Amino acid sequence: MNAIRLTPPSGPVRATIPLASSKSESNRALIINALTGFRGTLHNVSAARDSQTMIRLLQSDDSVADVLDAGTTMRFLTAYFAVTGQHKTLTGTPRMCERPIGILVDALRALGADIDYLKNDGFPPLATKGFSGNGTNRLAIRGDVSSQYISALLMIAPTLPDGLTLELTGDIGSRPYIEMTLRQMEHFGVQALADWATKTITVPPTPYMPADYSIESDWSGASYWFSMLSLAEEESSQIELLGLKEASLQGDSAIVDIMRPLGVESTFTDRGVILTKIPAQSALTWDFTDCPDLAQTVAVCCAVKGVVLTLTGVESLKIKETDRVFALQTELRKIGAEMVEVEKNTRYEVRTTHSIDTVPTFDTYDDHRMAMAFAPVAMRQEVVIEEPGVVAKSYPSFWEDMARVAGVRFEG
């Protein structure tokens with residue numbers, strides 16, 4: 001399918017959505033369980049392409065591991081294959097091979113990993129060629145580039161002869177994702193000590209213990225439903241999202257607080273969370289440092305509602321599946337809005353500048369979050385989304401679920 005046409009609901013939005021399970025939790029649990037010798041039992045593992053790719057590559061004896069476009073899979077498997085002494089070539093899509101990995105590789109080499117770049121230094125493809133622990137048990141690593149580097153090192157740290165102490169330099173981005181990693185490690189028997197005041201995390205040399213682990217529904221996927229309810233015209237609209245927890249490991253559960261000023265109230269139940277409409281504010285300022293994957297969703301929602309949004313903490317968006325800052329700036333113009341850089345690479349503002357009277361067609365840039373962030377615009381007007389199949393990366397059933405609240409027609 002080349003495109004999907006979405007049309008607004010004919011009345012109040014009323015839906016119960018069985019959300020996809022968390023890709024972030026799944027990928028961490030898969031690596032940790034592999035480090036137990038695959039002796040644990042994982043429940044509700046994500047059907048997202050990234051997680052299914054992780055499962056396939058962990059089980060494969062092939063010398064080449066093609067992660068496709070899965071950044072988390074590339075980073076976690078690089079660390080896993082390195083410290084378990086496996087000889088693997090890791091590669092991916094052309095865009096994946098443009099995403100940096102040098103900070104992680106430098107850290108793994110310092111620990112005793114033999115890793116070669118096969119094309120460009122600092123980028124995939126690369127080859128892991130064995131591991132000889134050299135006694136290093138302390139590393140300094142930047143905290144402001146990618147929390148996935150830090151999580152990758154933390155998860156393999158208990159297997160090192162002397163464990164590992166990580167010193168995080170500079171600002172710490174996506175800290176909730178680091179905390180998610182530590183809490184999952186604890187579930188499998190490893191008690192790390194995080195001192196956020198001194199920015200150090202100490203992991204003792206402790207064997208992982210096999211355990212049962214149930215994965216929560218995905219808060220990143222939930223964010224699009226918050227946006228849909230915010231943009232729904234009828235005040236009596238209501239959406240129930242199943243499988244979410246109020247005390248979540250996932251940093252993107254911040255969407256509850258972000259969306260309250262945008263007109264969405266959340267009520268938790270033993271089934272999940274019920275979203276209802278409340279009055280919205282006219283402006284919002286938010287630091288997305290700890291939840292960068294929510295920035296696109298919130299930017300689009302604010303643009304449609306005419307809410308002035310000030311964003312900070314979005315520096316990492318430029319090295320995601322696409323340059324998400326550029327992609328947002330380009331696509332928002334199609335709905336009469338702009339994303340203006342107020343302070344270089346630091347602060348942006350989203351403002352609505354004019355109305356439109358045409359059906360916008362949104363490009364997706366091979367980025368699942370671009371497709372799903374712009375889909376809620378259909379609560380207000382007809383839209384076309386190009387290459388809708390990109391949602392398979394994290395939320396394969398998204399369009400099927402969206403058909404519960406809007407008109408959905410595949411084209412091409």
# chains A, B, ... in the order shown; residues from 1 in each chain; ligands from 1
call {"tool": "select_by_dssp", "arguments": {"residues": "stretch 83-184 of chain A", "states": "strand (DSSP E or B)", "output": "MDAnalysis selection string"}}
result
chainID A and resid 87:91 113:117 126:131 138:142 164:169
call {"tool": "write_last_selection", "arguments": {"atoms": "C-alpha atoms", "output": "CSV table (one decimal), in the first residue's frame"}}
result
chain,number,residue,atom,x,y,z
A,87,HIS,CA,31.8,-13.1,15.8
A,88,LYS,CA,29.1,-11.2,14.0
A,89,THR,CA,28.7,-8.6,11.3
A,90,LEU,CA,26.1,-6.0,12.2
A,91,THR,CA,24.5,-4.0,9.5
A,113,ALA,CA,35.9,-6.0,22.9
A,114,ASP,CA,37.5,-6.5,19.5
A,115,ILE,CA,35.3,-4.5,17.1
A,116,ASP,CA,36.1,-3.3,13.6
A,117,TYR,CA,34.3,-0.8,11.4
A,126,LEU,CA,30.7,-3.3,12.1
A,127,ALA,CA,32.1,-6.6,13.1
A,128,THR,CA,32.4,-8.0,16.6
A,129,LYS,CA,35.4,-10.3,16.8
A,130,GLY,CA,35.8,-11.5,20.3
A,131,PHE,CA,36.2,-10.3,23.9
A,138,ARG,CA,35.1,2.1,35.3
A,139,LEU,CA,34.2,4.2,32.2
A,140,ALA,CA,33.1,7.7,31.5
A,141,ILE,CA,30.4,8.2,28.8
A,142,ARG,CA,28.4,11.1,27.6
A,164,LEU,CA,31.2,-1.8,35.9
A,165,THR,CA,30.9,1.8,37.2
A,166,LEU,CA,29.7,4.3,34.6
A,167,GLU,CA,30.3,8.0,35.0
A,168,LEU,CA,27.8,10.0,33.0
A,169,THR,CA,29.3,13.3,31.8
call {"tool": "atom_distance", "arguments": {"atom1": "atom CA of A:Ala20", "atom2": "atom CA of A:Asp218"}}
result
5.9 Å
call {"tool": "closest_residue", "arguments": {"among": "A:Gly412, A:Pro205, A:Gly221, A:Gly189", "to": "A:Glu386", "atoms": "only C-alpha atoms"}}
result
A:Gly412
call {"tool": "residues_around", "arguments": {"residues": "A:Glu179", "least_positions_apart": "2", "cutoff": "9 Å", "atoms": "only C-alpha atoms", "output": "list in words"}}
result
Ser151, Arg175, Pro176, Tyr177, Thr181, Leu182, Arg183, Gln184, Ala194, Leu249, Gln250 and Gly251 of chain A
call {"tool": "atom_distance", "arguments": {"atom1": "atom CA of A:Arg347", "atom2": "atom CA of A:Asp363"}}
result
24.2 Å
call {"tool": "residues_around", "arguments": {"residues": "A:Thr358", "least_positions_apart": "5", "cutoff": "12 Å", "atoms": "only C-alpha atoms", "output": "count of residues only"}}
result
7
call {"tool": "closest_residue", "arguments": {"among": "A:Met370, A:Val390, A:Val307, A:Ala82", "to": "A:Asp50", "atoms": "only C-alpha atoms"}}
result
A:Val390
call {"tool": "residues_around", "arguments": {"residues": "A:Leu77", "least_positions_apart": "2", "cutoff": "10 Å", "atoms": "only C-alpha atoms", "output": "number ranges by chain"}}
result
A: 27, 31, 54, 57-58, 65, 67, 71-75, 79-83, 88, 90, 152
call {"tool": "residues_around", "arguments": {"residues": "A:Asn33", "least_positions_apart": "2", "cutoff": "10 Å", "atoms": "only C-alpha atoms", "output": "ChimeraX atom specification"}}
result
/A:27-31,35-42,185,188,208-213
